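S.K.: Dropping in my_file-v8.cif, with mmCIF, C-alpha atoms.
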```cif
data_work
#
loop_
_atom_site.label_atom_id
_atom_site.label_comp_id
_atom_site.auth_asym_id
_atom_site.auth_seq_id
_atom_site.Cartn_x
_atom_site.Cartn_y
_atom_site.Cartn_z
CA MET M 1 -6.47 -32.04 11.27
CA ASP M 2 -9.81 -33.71 11.87
CA ASP M 3 -12.29 -34.03 9.02
CA LEU M 4 -15.26 -31.91 10.05
CA SER M 5 -17.36 -32.45 6.92
CA ASP M 6 -19.99 -34.33 8.90
CA VAL M 7 -20.56 -31.72 11.60
CA GLY M 8 -24.19 -30.98 12.41
CA ASP M 9 -27.51 -32.56 11.43
CA GLU M 10 -29.09 -32.81 7.99
CA GLY M 11 -30.80 -29.44 8.37
CA GLN M 12 -27.50 -27.77 9.12
CA ARG M 13 -25.48 -29.48 6.34
CA ARG M 14 -26.69 -27.04 3.76
CA GLU M 15 -24.89 -24.52 1.68
CA HIS M 16 -24.84 -22.00 4.50
CA GLY M 17 -23.05 -24.30 6.96
CA PRO M 18 -23.69 -24.90 10.66
CA LEU M 19 -22.15 -21.58 11.76
CA ALA M 20 -23.98 -19.37 9.27
CA GLY M 21 -25.41 -16.30 10.93
CA PHE M 22 -22.91 -16.39 13.79
CA THR M 23 -19.92 -14.12 14.35
CA VAL M 24 -16.84 -15.57 16.04
CA GLY M 25 -13.93 -13.58 17.46
CA VAL M 26 -10.45 -15.07 17.01
CA THR M 27 -7.75 -13.95 19.46
CA ALA M 28 -4.98 -16.18 18.10
CA ALA M 29 -1.79 -14.77 16.64
CA ARG M 30 -0.21 -18.02 15.45
CA ARG M 31 -2.38 -20.18 13.15
CA ALA M 32 -5.08 -17.49 13.13
CA ASP M 33 -5.54 -17.85 9.37
CA GLU M 34 -6.05 -21.60 9.71
CA LEU M 35 -8.63 -21.19 12.47
CA GLY M 36 -10.39 -18.37 10.62
CA ALA M 37 -10.58 -20.47 7.44
CA LEU M 38 -12.08 -23.42 9.34
CA LEU M 39 -14.75 -21.16 10.82
CA GLN M 40 -15.55 -19.39 7.56
CA ARG M 41 -15.80 -22.71 5.73
CA ARG M 42 -18.65 -23.56 8.09
CA GLY M 43 -20.41 -20.25 7.49
CA ALA M 44 -19.23 -18.06 10.36
CA ALA M 45 -18.31 -14.40 10.06
CA VAL M 46 -14.88 -13.99 11.67
CA LEU M 47 -13.60 -11.00 13.62
CA HIS M 48 -9.83 -11.40 13.83
CA ALA M 49 -8.20 -9.61 16.76
CA PRO M 50 -4.79 -11.04 17.67
CA ALA M 51 -4.40 -10.39 21.39
CA LEU M 52 -0.65 -11.07 21.27
CA ARG M 53 2.35 -10.83 19.01
CA ILE M 54 5.16 -13.33 18.86
CA VAL M 55 8.74 -12.21 19.43
CA PRO M 56 10.70 -13.36 16.34
CA LEU M 57 13.02 -16.19 17.37
CA ALA M 58 16.05 -14.69 15.65
CA ASP M 59 15.63 -11.54 17.75
CA ASP M 60 14.89 -13.29 21.04
CA SER M 61 17.83 -12.62 23.34
CA GLU M 62 16.28 -14.64 26.19
CA LEU M 63 16.06 -17.77 24.04
CA MET M 64 19.62 -17.26 22.82
CA ALA M 65 20.88 -16.89 26.40
CA ALA M 66 19.06 -20.08 27.50
CA THR M 67 20.52 -21.95 24.53
CA GLU M 68 24.04 -20.79 25.39
CA ARG M 69 23.59 -21.95 29.00
CA ILE M 70 22.56 -25.42 27.80
CA VAL M 71 25.49 -25.61 25.38
CA ASP M 72 27.93 -24.48 28.09
CA ARG M 73 26.59 -26.91 30.67
CA ALA M 74 24.34 -29.79 29.71
CA PRO M 75 21.25 -30.32 31.87
CA ASP M 76 20.29 -33.76 33.09
CA VAL M 77 16.84 -33.63 31.48
CA VAL M 78 15.27 -31.62 28.66
CA VAL M 79 11.47 -31.57 28.30
CA ALA M 80 10.23 -30.74 24.78
CA THR M 81 6.62 -29.61 25.00
CA THR M 82 5.55 -28.62 21.45
CA ALA M 83 6.65 -29.71 17.98
CA ILE M 84 6.64 -26.23 16.43
CA GLY M 85 8.49 -24.83 19.42
CA PHE M 86 11.18 -27.50 19.31
CA ARG M 87 11.69 -27.05 15.56
CA GLY M 88 11.82 -23.28 15.96
CA TRP M 89 14.38 -23.58 18.74
CA VAL M 90 16.71 -25.74 16.64
CA GLU M 91 16.31 -23.43 13.62
CA ALA M 92 17.03 -20.35 15.73
CA ALA M 93 20.12 -22.01 17.20
CA ASP M 94 21.32 -22.73 13.65
CA GLY M 95 20.94 -19.05 12.83
CA TRP M 96 23.09 -18.10 15.82
CA GLY M 97 25.77 -20.65 14.89
CA LEU M 98 24.81 -22.82 17.89
CA GLY M 99 22.79 -25.51 16.09
CA ASP M 100 25.38 -28.29 15.99
CA ALA M 101 26.46 -27.62 19.58
CA LEU M 102 22.85 -27.68 20.80
CA LEU M 103 22.07 -30.95 19.05
CA GLU M 104 25.25 -32.50 20.43
CA ARG M 105 24.20 -31.53 23.94
CA LEU M 106 20.68 -32.86 23.44
CA ARG M 107 22.12 -36.25 22.40
CA THR M 108 23.69 -36.61 25.85
CA VAL M 109 20.67 -35.74 27.99
CA GLU M 110 17.46 -37.49 29.01
CA LEU M 111 15.15 -35.99 26.36
CA LEU M 112 11.42 -36.26 27.08
CA ALA M 113 8.89 -35.49 24.33
CA ARG M 114 5.28 -34.63 25.20
CA GLY M 115 3.28 -36.57 22.65
CA PRO M 116 3.74 -37.96 19.13
CA LYS M 117 4.02 -34.61 17.32
CA VAL M 118 6.88 -33.54 19.55
CA LYS M 119 8.46 -36.97 19.14
CA GLY M 120 8.33 -36.46 15.37
CA ALA M 121 10.05 -33.08 15.65
CA VAL M 122 12.74 -34.56 17.88
CA ARG M 123 13.46 -37.38 15.43
CA ALA M 124 13.42 -35.00 12.46
CA ALA M 125 16.30 -33.18 14.17
CA GLY M 126 18.28 -36.43 14.23
CA LEU M 127 17.67 -37.08 17.91
CA THR M 128 15.94 -39.86 19.83
CA GLU M 129 13.64 -39.25 22.77
CA TRP M 130 14.12 -41.24 25.95
CA TRP M 131 10.40 -41.40 26.67
CA SER M 132 7.08 -39.92 25.58
CA PRO M 133 3.68 -40.23 27.32
CA ALA M 134 0.85 -41.82 25.36
CA SER M 135 -1.57 -39.30 26.86
CA GLU M 136 0.28 -36.18 25.58
CA SER M 137 -0.18 -34.91 29.13
CA MET M 138 2.32 -32.71 30.95
CA ALA M 139 0.88 -34.14 34.16
CA GLU M 140 2.15 -37.58 33.15
CA VAL M 141 5.58 -36.13 32.35
CA LEU M 142 5.64 -34.50 35.77
CA ASP M 143 4.59 -37.72 37.52
CA ARG M 144 7.41 -39.64 35.82
CA LEU M 145 10.03 -37.08 36.81
CA LEU M 146 8.88 -36.89 40.42
CA GLU M 147 8.73 -40.69 40.71
CA GLN M 148 12.34 -40.91 39.50
CA GLY M 149 13.36 -38.12 41.89
CA VAL M 150 14.47 -34.67 40.80
CA ALA M 151 16.50 -33.49 43.78
CA GLY M 152 19.79 -32.04 42.61
CA ARG M 153 18.95 -32.54 38.93
CA ARG M 154 19.14 -29.77 36.33
CA ILE M 155 16.00 -29.81 34.14
CA ALA M 156 15.46 -27.63 31.06
CA VAL M 157 11.81 -27.09 30.06
CA GLN M 158 10.93 -25.79 26.62
CA LEU M 159 8.25 -23.17 27.23
CA HIS M 160 5.90 -22.09 24.47
CA GLY M 161 4.37 -18.81 25.54
CA GLU M 162 1.79 -20.56 27.70
CA PRO M 163 2.12 -21.11 31.43
CA LEU M 164 2.53 -24.65 32.71
CA PRO M 165 0.49 -24.43 35.93
CA GLY M 166 2.29 -26.17 38.77
CA PHE M 167 4.82 -27.94 36.54
CA VAL M 168 7.90 -25.82 37.15
CA GLU M 169 6.89 -25.15 40.77
CA ALA M 170 6.54 -28.88 41.52
CA LEU M 171 9.97 -29.60 40.07
CA ARG M 172 11.57 -26.86 42.13
CA GLU M 173 9.80 -28.02 45.28
CA GLY M 174 11.24 -31.47 44.56
CA GLY M 175 14.74 -29.99 44.64
CA ALA M 176 15.41 -29.56 40.92
CA GLU M 177 17.17 -26.65 39.27
CA VAL M 178 14.81 -25.62 36.46
CA LEU M 179 15.96 -23.77 33.37
CA GLY M 180 13.18 -22.31 31.20
CA VAL M 181 13.70 -22.24 27.45
CA PRO M 182 11.29 -19.49 26.32
CA VAL M 183 10.43 -20.44 22.75
CA TYR M 184 7.97 -18.02 21.10
CA ARG M 185 7.55 -15.42 23.81
CA TRP M 186 4.38 -13.37 23.43
CA LEU M 187 3.92 -9.65 23.98
CA PRO M 188 0.87 -7.36 23.67
CA PRO M 189 0.03 -6.48 20.05
CA GLU M 190 1.54 -3.33 18.59
CA ASP M 191 -1.83 -2.43 17.04
CA LEU M 192 -4.55 -2.51 19.68
CA ALA M 193 -7.36 -1.37 17.36
CA PRO M 194 -8.52 -4.91 16.39
CA VAL M 195 -8.54 -5.95 20.05
CA ASP M 196 -10.59 -2.89 20.96
CA ARG M 197 -13.04 -3.65 18.15
CA LEU M 198 -13.45 -7.18 19.49
CA LEU M 199 -14.01 -5.89 23.01
CA ASP M 200 -16.62 -3.40 21.79
CA ALA M 201 -18.35 -6.14 19.80
CA ALA M 202 -18.33 -8.52 22.78
CA VAL M 203 -19.89 -6.11 25.27
CA THR M 204 -22.56 -5.06 22.72
CA ARG M 205 -23.22 -8.72 21.82
CA GLY M 206 -21.94 -8.18 18.30
CA VAL M 207 -20.12 -11.51 18.47
CA ASP M 208 -21.58 -14.85 19.48
CA ALA M 209 -18.34 -16.53 20.58
CA VAL M 210 -14.69 -15.71 21.20
CA THR M 211 -12.04 -18.38 20.68
CA PHE M 212 -8.86 -18.68 22.72
CA THR M 213 -5.94 -20.90 21.73
CA SER M 214 -3.52 -19.79 24.46
CA ALA M 215 -3.75 -18.66 28.06
CA PRO M 216 -1.65 -15.51 27.41
CA ALA M 217 -4.19 -14.39 24.80
CA ALA M 218 -6.96 -14.66 27.37
CA VAL M 219 -4.87 -12.73 29.90
CA SER M 220 -4.07 -10.06 27.33
CA LEU M 221 -7.73 -9.56 26.37
CA LEU M 222 -8.82 -9.32 30.02
CA GLU M 223 -6.02 -6.85 30.80
CA ARG M 224 -6.96 -4.65 27.85
CA ALA M 225 -10.59 -4.69 28.95
CA GLY M 226 -9.45 -3.62 32.42
CA LYS M 227 -7.40 -0.72 31.04
CA ARG M 228 -10.44 0.46 29.09
CA GLY M 229 -12.69 0.22 32.15
CA MET M 230 -14.90 -2.44 30.61
CA LEU M 231 -13.79 -5.62 32.37
CA ALA M 232 -17.06 -6.03 34.28
CA GLU M 233 -19.04 -5.63 31.05
CA LEU M 234 -16.86 -8.18 29.27
CA LEU M 235 -17.19 -10.73 32.07
CA ALA M 236 -20.96 -10.21 32.07
CA ALA M 237 -21.07 -10.82 28.31
CA PHE M 238 -18.98 -13.97 28.66
CA GLY M 239 -21.21 -15.16 31.47
CA GLN M 240 -24.42 -14.91 29.49
CA ASP M 241 -24.50 -14.14 25.78
CA VAL M 242 -20.99 -14.53 24.33
CA LEU M 243 -19.54 -18.04 24.40
CA PRO M 244 -15.82 -18.28 25.40
CA ALA M 245 -14.40 -21.34 23.62
CA CYS M 246 -10.92 -22.51 24.66
CA VAL M 247 -8.76 -25.07 22.92
CA GLY M 248 -7.95 -26.77 26.23
CA PRO M 249 -7.96 -26.53 30.04
CA VAL M 250 -4.65 -24.66 30.34
CA THR M 251 -5.93 -21.97 27.99
CA ALA M 252 -9.11 -21.66 30.05
CA VAL M 253 -7.35 -21.01 33.38
CA PRO M 254 -7.28 -17.15 33.25
CA LEU M 255 -10.98 -17.02 32.34
CA GLN M 256 -12.05 -19.57 34.93
CA ALA M 257 -10.08 -17.65 37.56
CA ARG M 258 -12.49 -14.76 36.86
CA GLY M 259 -15.50 -17.02 37.25
CA VAL M 260 -16.11 -17.29 33.50
CA PRO M 261 -17.52 -20.65 32.37
CA THR M 262 -15.85 -21.94 29.19
CA VAL M 263 -16.33 -24.77 26.73
CA GLN M 264 -13.44 -26.96 25.57
CA PRO M 265 -13.18 -29.85 23.12
CA GLU M 266 -12.12 -33.28 24.33
CA ARG M 267 -9.11 -33.19 22.00
CA PHE M 268 -7.05 -30.01 22.31
CA ARG M 269 -6.82 -29.15 18.61
CA LEU M 270 -8.23 -26.49 16.28
CA GLY M 271 -10.44 -28.95 14.39
CA PRO M 272 -12.28 -30.21 17.47
CA LEU M 273 -12.56 -26.60 18.73
CA VAL M 274 -14.40 -25.63 15.53
CA GLN M 275 -16.50 -28.78 15.72
CA LEU M 276 -17.50 -27.84 19.26
CA LEU M 277 -18.66 -24.40 18.09
CA CYS M 278 -20.65 -26.07 15.32
CA GLN M 279 -22.55 -27.90 18.05
CA GLU M 280 -22.76 -25.24 20.75
CA LEU M 281 -23.79 -22.12 18.83
CA PRO M 282 -26.75 -23.58 16.90
CA ALA M 283 -27.93 -25.21 20.14
CA ARG M 284 -28.01 -21.77 21.80
CA ALA M 285 -30.06 -20.17 19.00
CA ARG M 286 -33.74 -19.44 19.69
CA ALA M 287 -36.14 -21.33 17.42
CA LEU M 288 -39.85 -20.43 17.26
CA PRO M 289 -42.87 -21.69 15.28
CA VAL M 290 -44.20 -18.48 13.72
CA ALA M 291 -47.00 -18.16 11.12
CA GLY M 292 -46.48 -21.71 9.94
CA HIS M 293 -42.72 -21.30 9.62
CA ARG M 294 -39.75 -22.26 11.76
CA LEU M 295 -37.86 -19.10 12.71
CA GLU M 296 -34.37 -19.57 14.17
CA ILE M 297 -32.68 -16.41 15.44
CA ARG M 298 -28.89 -16.34 15.18
CA GLY M 299 -26.31 -13.63 15.78
CA HIS M 300 -26.57 -11.52 12.62
CA ALA M 301 -29.01 -13.57 10.55
CA VAL M 302 -32.00 -15.88 10.84
CA LEU M 303 -33.04 -19.19 9.37
CA VAL M 304 -36.58 -19.28 7.99
CA ASP M 305 -37.48 -22.92 7.40
CA GLY M 306 -33.76 -23.66 7.14
CA GLU M 307 -33.10 -20.89 4.61
CA LEU M 308 -30.48 -18.36 5.70
CA ARG M 309 -31.72 -14.76 5.63
CA ALA M 310 -29.34 -11.87 6.32
CA VAL M 311 -30.87 -9.19 8.55
CA PRO M 312 -29.54 -5.64 9.12
CA PRO M 313 -28.42 -4.80 12.70
CA ALA M 314 -31.48 -2.61 13.35
CA GLY M 315 -33.76 -5.41 12.21
CA MET M 316 -31.99 -7.93 14.46
CA SER M 317 -32.52 -5.58 17.41
CA LEU M 318 -36.25 -5.43 16.68
CA LEU M 319 -36.52 -9.17 16.14
CA ARG M 320 -34.76 -10.00 19.38
CA THR M 321 -37.05 -7.63 21.27
CA LEU M 322 -40.13 -9.26 19.74
CA ALA M 323 -38.77 -12.74 20.45
CA ARG M 324 -38.45 -12.03 24.17
CA ARG M 325 -42.27 -12.09 24.29
CA PRO M 326 -43.33 -14.22 21.31
CA GLY M 327 -47.00 -13.71 20.51
CA TRP M 328 -47.30 -10.66 22.75
CA VAL M 329 -47.73 -7.14 21.46
CA VAL M 330 -44.61 -5.02 21.92
CA PRO M 331 -45.27 -1.24 21.93
CA ARG M 332 -43.52 0.99 19.41
CA ALA M 333 -41.88 2.95 22.23
CA GLU M 334 -40.18 -0.19 23.52
CA LEU M 335 -39.06 -1.16 20.05
CA LEU M 336 -37.70 2.35 19.54
CA ARG M 337 -35.54 1.97 22.65
CA ALA M 338 -34.10 -1.22 21.14
CA LEU M 339 -32.90 0.65 18.05
CA PRO M 340 -29.42 2.15 18.41
CA GLY M 341 -29.14 5.92 17.99
CA THR M 342 -32.61 6.64 16.56
CA GLY M 343 -33.74 9.36 18.96
CA ARG M 344 -37.47 9.70 19.69
CA ASP M 345 -39.04 9.37 16.25
CA GLU M 346 -41.22 6.26 16.17
CA HIS M 347 -41.19 6.39 12.37
CA ALA M 348 -37.72 4.87 12.68
CA VAL M 349 -39.42 1.75 14.00
CA GLU M 350 -41.72 1.58 10.96
CA THR M 351 -38.77 1.99 8.59
CA ALA M 352 -36.67 -0.65 10.33
CA MET M 353 -39.66 -2.98 10.56
CA ALA M 354 -40.33 -2.72 6.83
CA ARG M 355 -36.72 -3.63 6.10
CA LEU M 356 -36.88 -6.50 8.59
CA ARG M 357 -39.96 -7.97 6.92
CA THR M 358 -38.28 -7.72 3.53
CA SER M 359 -35.18 -9.44 4.90
CA LEU M 360 -37.21 -12.28 6.37
CA GLY M 361 -38.96 -12.90 3.05
CA ALA M 362 -42.19 -13.77 4.87
CA PRO M 363 -44.03 -10.58 5.87
CA LYS M 364 -46.70 -12.42 7.90
CA LEU M 365 -44.14 -13.50 10.49
CA ILE M 366 -44.58 -10.10 12.15
CA GLN M 367 -48.07 -8.66 12.63
CA THR M 368 -48.94 -5.00 13.03
CA VAL M 369 -51.38 -4.31 15.84
CA VAL M 370 -52.97 -0.96 15.01
CA LYS M 371 -52.21 1.82 17.50
CA ARG M 372 -50.42 -0.62 19.79
CA GLY M 373 -47.29 -2.05 18.21
CA TYR M 374 -46.07 -5.30 16.67
CA ARG M 375 -46.01 -8.98 17.56
CA LEU M 376 -44.46 -12.19 16.34
CA ALA M 377 -47.29 -14.31 14.91
CA LEU M 378 -46.60 -17.26 17.17
CA ASP M 379 -48.47 -20.40 16.12
CA PRO M 380 -51.43 -21.08 18.45
CA ALA M 381 -50.25 -24.61 19.24
CA SER M 382 -46.85 -23.37 20.39
CA ASP M 383 -45.82 -23.77 24.01
CA ALA M 384 -43.20 -21.00 23.74
CA LYS M 385 -43.22 -18.85 26.83
CA TYR M 386 -42.50 -15.29 27.75
CA THR M 387 -38.80 -14.82 28.32
CA ASP M 388 -36.56 -11.94 29.29
#
```
Just give me the structure of the file as structure tokens.

M.R.:
Amino acid sequence: MDDLSDVGDEGQRREHGPLAGFTVGVTAARRADELGALLQRRGAAVLHAPALRIVPLADDSELMAATERIVDRAPDVVVATTAIGFRGWVEAADGWGLGDALLERLRTVELLARGPKVKGAVRAAGLTEWWSPASESMAEVLDRLLEQGVAGRRIAVQLHGEPLPGFVEALREGGAEVLGVPVYRWLPPEDLAPVDRLLDAAVTRGVDAVTFTSAPAAVSLLERAGKRGMLAELLAAFGQDVLPACVGPVTAVPLQARGVPTVQPERFRLGPLVQLLCQELPARARALPVAGHRLEIRGHAVLVDGELRAVPPAGMSLLRTLARRPGWVVPRAELLRALPGTGRDEHAVETAMARLRTSLGAPKLIQTVVKRGYRLALDPASDAKYTD
């Protein structure tokens, strides 16, 4: 895992961390705790909503059937795509009493390992790979196979829950018989409540980013949004206010197919994904010079001169409304509409505003304009402009 201790600039490397004040949704099922810990270590609030569940290997009849087919009749080529998947496959085969027979078969085939981690798993099983691409790219594996010719060859591909766009299809078009080995199949979660909470938070802008570490998780979240009649709202949130962050290009495919722009790290790992969020989210935060202070507005908190200040949801709603027109007077009626579920009593604005000022720790940031409303005390030299 990459060392991320140097993420951010000097102003961000404080106790609160570069992601303080932001809320990040995590859709992962596998390694969710690891990803959540990385995010929390950098200050983020994490909303965990596994969009999938993994079928236990010992109970996976499809994997067992594929293993038996390979033991009964050795393929010409086996492509191992992930280290954890390969290890899990061998362990599951051991549990079924097929471990020795599977390893014996794999010693007789052309075994290709996608990248050094997979190569390590192959060698740990007592096997030796025929070849492994330096790029860790499935595209390079495919190019090698097609250059050698695949017509009439039987090729087993270890799948890992994620689609391999064009890989299997290209082999079949080349005349190969392709046998999928479905390691770690994913199904919708049994408990949909966390997913629904994440969807509700996304469409109401209660999260600042949602992370995806597999394409099936993205598909699952989109399908659940569709069943709840909120797909259009979710896509709109992703297109403007909520950042979809994917671990790599394959994971991003279902979102991009819906026209959703995504961000991805250069290296397809959890560490670089978190590092990317540490760069992207602070860069998207609004910073204003107000009453001699620097006010940076984040998801559920603000930084006042670099000091993290927690703000209640009602206060954040008021602050965001004021920040759309910094320096301009915003009427109480408009501020009231920004408060969730407060009815028509403008005293609710005064109460929420008092709490907001207390939270900010600098009451002069927000000025009261008698009989008119409130305004952010934008510094006169500021070139900040009216924004919607």

S.K.: For the file shown, report as a PDB file with C-alpha atoms, in the coordinates of the input the outcome of the PyMOL selection byres ((chain M and resi 373) around 12) at residue level.

M.R.:
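Output contents, as saved in out-v2.pdb:
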```
ATOM      1  CA  LEU M 318     -36.250  -5.430  16.680  1.00  0.00           C
ATOM      2  CA  LEU M 322     -40.130  -9.260  19.740  1.00  0.00           C
ATOM      3  CA  GLY M 327     -47.000 -13.710  20.510  1.00  0.00           C
ATOM      4  CA  TRP M 328     -47.300 -10.660  22.750  1.00  0.00           C
ATOM      5  CA  VAL M 329     -47.730  -7.140  21.460  1.00  0.00           C
ATOM      6  CA  VAL M 330     -44.610  -5.020  21.920  1.00  0.00           C
ATOM      7  CA  PRO M 331     -45.270  -1.240  21.930  1.00  0.00           C
ATOM      8  CA  ARG M 332     -43.520   0.990  19.410  1.00  0.00           C
ATOM      9  CA  ALA M 333     -41.880   2.950  22.230  1.00  0.00           C
ATOM     10  CA  GLU M 334     -40.180  -0.190  23.520  1.00  0.00           C
ATOM     11  CA  LEU M 335     -39.060  -1.160  20.050  1.00  0.00           C
ATOM     12  CA  LEU M 336     -37.700   2.350  19.540  1.00  0.00           C
ATOM     13  CA  GLU M 346     -41.220   6.260  16.170  1.00  0.00           C
ATOM     14  CA  HIS M 347     -41.190   6.390  12.370  1.00  0.00           C
ATOM     15  CA  VAL M 349     -39.420   1.750  14.000  1.00  0.00           C
ATOM     16  CA  GLU M 350     -41.720   1.580  10.960  1.00  0.00           C
ATOM     17  CA  MET M 353     -39.660  -2.980  10.560  1.00  0.00           C
ATOM     18  CA  ILE M 366     -44.580 -10.100  12.150  1.00  0.00           C
ATOM     19  CA  GLN M 367     -48.070  -8.660  12.630  1.00  0.00           C
ATOM     20  CA  THR M 368     -48.940  -5.000  13.030  1.00  0.00           C
ATOM     21  CA  VAL M 369     -51.380  -4.310  15.840  1.00  0.00           C
ATOM     22  CA  VAL M 370     -52.970  -0.960  15.010  1.00  0.00           C
ATOM     23  CA  LYS M 371     -52.210   1.820  17.500  1.00  0.00           C
ATOM     24  CA  ARG M 372     -50.420  -0.620  19.790  1.00  0.00           C
ATOM     25  CA  TYR M 374     -46.070  -5.300  16.670  1.00  0.00           C
ATOM     26  CA  ARG M 375     -46.010  -8.980  17.560  1.00  0.00           C
ATOM     27  CA  LEU M 376     -44.460 -12.190  16.340  1.00  0.00           C
TER      28      LEU M 376
END
```

S.K.: Considering all atoms listed in the file, state which residue in the set M:Glu62, M:Asp345, M:Asp379, M:Asp305 is at the smallest distance from Ala362 of chain M.

M.R.: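 Closest to Ala362 of chain M of all the choices is M:Asp305.
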
S.K.: Work out how far apart atom CA of Gly17 of chain M and atom CA of Pro289 of chain M are and give it in Å to one decimal.

M.R.: 21.7 Å

S.K.: Identify all residues satisfying the PyMOL selection byres ((chain M and resi 207-211) around 6) in the given file; provide them as a PDB file with C-alpha atoms, keeping the file's coordinate frame.

M.R.:
```pdb
ATOM      1  CA  THR M  23     -19.920 -14.120  14.350  1.00  0.00           C
ATOM      2  CA  VAL M  24     -16.840 -15.570  16.040  1.00  0.00           C
ATOM      3  CA  GLY M  25     -13.930 -13.580  17.460  1.00  0.00           C
ATOM      4  CA  VAL M  26     -10.450 -15.070  17.010  1.00  0.00           C
ATOM      5  CA  ALA M 201     -18.350  -6.140  19.800  1.00  0.00           C
ATOM      6  CA  ALA M 202     -18.330  -8.520  22.780  1.00  0.00           C
ATOM      7  CA  ARG M 205     -23.220  -8.720  21.820  1.00  0.00           C
ATOM      8  CA  GLY M 206     -21.940  -8.180  18.300  1.00  0.00           C
ATOM      9  CA  PHE M 212      -8.860 -18.680  22.720  1.00  0.00           C
ATOM     10  CA  VAL M 242     -20.990 -14.530  24.330  1.00  0.00           C
ATOM     11  CA  LEU M 243     -19.540 -18.040  24.400  1.00  0.00           C
ATOM     12  CA  PRO M 244     -15.820 -18.280  25.400  1.00  0.00           C
ATOM     13  CA  ALA M 245     -14.400 -21.340  23.620  1.00  0.00           C
ATOM     14  CA  CYS M 246     -10.920 -22.510  24.660  1.00  0.00           C
TER      15      CYS M 246
END
```

S.K.: Just say which residues the PyMOL selection byres ((chain M and resi 279) around 10) picks in this file, as a list of chain:residue names.

M.R.: M:Val7, M:Gly8, M:Asp9, M:Pro18, M:Leu19, M:Val274, M:Gln275, M:Leu276, M:Leu277, M:Cys278, M:Glu280, M:Leu281, M:Pro282, M:Ala283, M:Arg284

S.K.: Residues of segment 86-140 of chain M within 12 Å of segment 151-161 of chain M: nearest atom pair and distance (Å, one decimal) for each, counting all atoms listed in the file, sorted by chain and number, as CSV?

M.R.:
```
residue,atom,partner,partner_atom,distance
M:Phe86,CA,M:Gln158,CA,7.5
M:Arg87,CA,M:Gln158,CA,11.2
M:Gly88,CA,M:His160,CA,10.4
M:Trp89,CA,M:Gln158,CA,8.9
M:Val90,CA,M:Gln158,CA,11.5
M:Arg105,CA,M:Ala156,CA,11.9
M:Leu106,CA,M:Ala156,CA,10.6
M:Val109,CA,M:Ile155,CA,9.7
M:Glu110,CA,M:Ile155,CA,9.4
M:Leu111,CA,M:Ala156,CA,9.6
M:Leu112,CA,M:Val157,CA,9.6
M:Ala113,CA,M:Gln158,CA,10.2
M:Arg114,CA,M:Gln158,CA,10.6
M:Val118,CA,M:Gln158,CA,11.2
M:Met138,CA,M:Val157,CA,11.1
```

S.K.: Give me, please, the distance in Å between atom CA of Pro313 of chain M and atom CA of Gly226 of chain M, quoted to one decimal.

M.R.: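 Atom-to-atom, atom CA of Pro313 of chain M and atom CA of Gly226 of chain M are spaced 27.4 Å apart.
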
S.K.: Around the point (5.9, -21.8, 30.4) in the file's coordinates, collect all residues with an atom within 12 Å, using only C-alpha atoms, and return them as an MDAnalysis selection string.

M.R.: chainID M and resid 79:82 85 138 156:169 178:186 214:216 250

S.K.: How far is it from atom CA of Ala49 of chain M to atom CA of Thr251 of chain M, in Å with one decimal?

M.R.: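 Atom CA of Ala49 of chain M sits 16.9 Å away from atom CA of Thr251 of chain M.
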
S.K.: Counting all atoms listed in the file, find the residues whose atoms lie at most 12 Å from (5.6, -39.6, 31.9) (file coordinates) and write them out as a list in words.

M.R.: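 Output of the proximity query reads Val79, Leu111, Leu112, Ala113, Arg114, Gly115, Trp130, Trp131, Ser132, Pro133, Ala134, Ser135, Glu136, Ser137, Met138, Ala139, Glu140, Val141, Leu142, Asp143, Arg144, Leu145, Leu146, Glu147 and Gln148 of chain M.
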
S.K.: Rank M:Glu68, M:Asp76, M:Asp33, M:Glu104 by their smallest atom-to-atom distance to Val150 of chain M, using all atoms listed in the file, and report the top residue only.

M.R.: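 Of M:Glu68, M:Asp76, M:Asp33, M:Glu104, the one nearest Val150 of chain M, counting all atoms listed in the file, is M:Asp76.
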
S.K.: Name all residues at most 12 Å from Asp59 of chain M (count all atoms listed in the file; drop same-chain ones fewer than 3 positions away) and give them as a ChimeraX atom specification.

M.R.: /M:54-56,62-65,92-93,95-96,183-185

S.K.: Show which residues sit within 9 Å of Gly43 of chain M, as a VMD selection string. Count only C-alpha atoms, and ignore same-chain residues fewer than 2 positions away.

M.R.: chain M and resid 15 to 22 39 to 41 45

S.K.: What are the centre and the three edge lengths of an axis-aligned box that wraps all atoms of segment 258-264 of chain M in the file, given that 4 Å is added to every side, written as JSON and rounded to one decimal in Å?

M.R.:
```
{"center_x": -15.0, "center_y": -20.9, "center_z": 31.4, "size_x": 13.0, "size_y": 20.2, "size_z": 19.7}
```

S.K.: For Arg228 of chain M, work out the shell of residues within 12 Å, counting only C-alpha atoms and skipping chain neighbours fewer than 3 positions away, then give it as a list in words.

M.R.: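 Residues near the query, excluding close chain neighbours: Leu192, Val195, Asp196, Arg197, Leu199, Asp200, Leu221, Leu222, Glu223, Arg224, Ala225, Leu231, Ala232, Glu233 and Leu234 of chain M.
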
S.K.: Considering all atoms listed in the file, return as an MDAnalysis selection string whatever protein or nucleic-acid residues lie within 12 Å of Arg107 of chain M, sequence-local ones (same chain, fewer than 3 positions apart) excluded.

M.R.: chainID M and resid 71 74:78 100:104 110:112 122:123 125:130
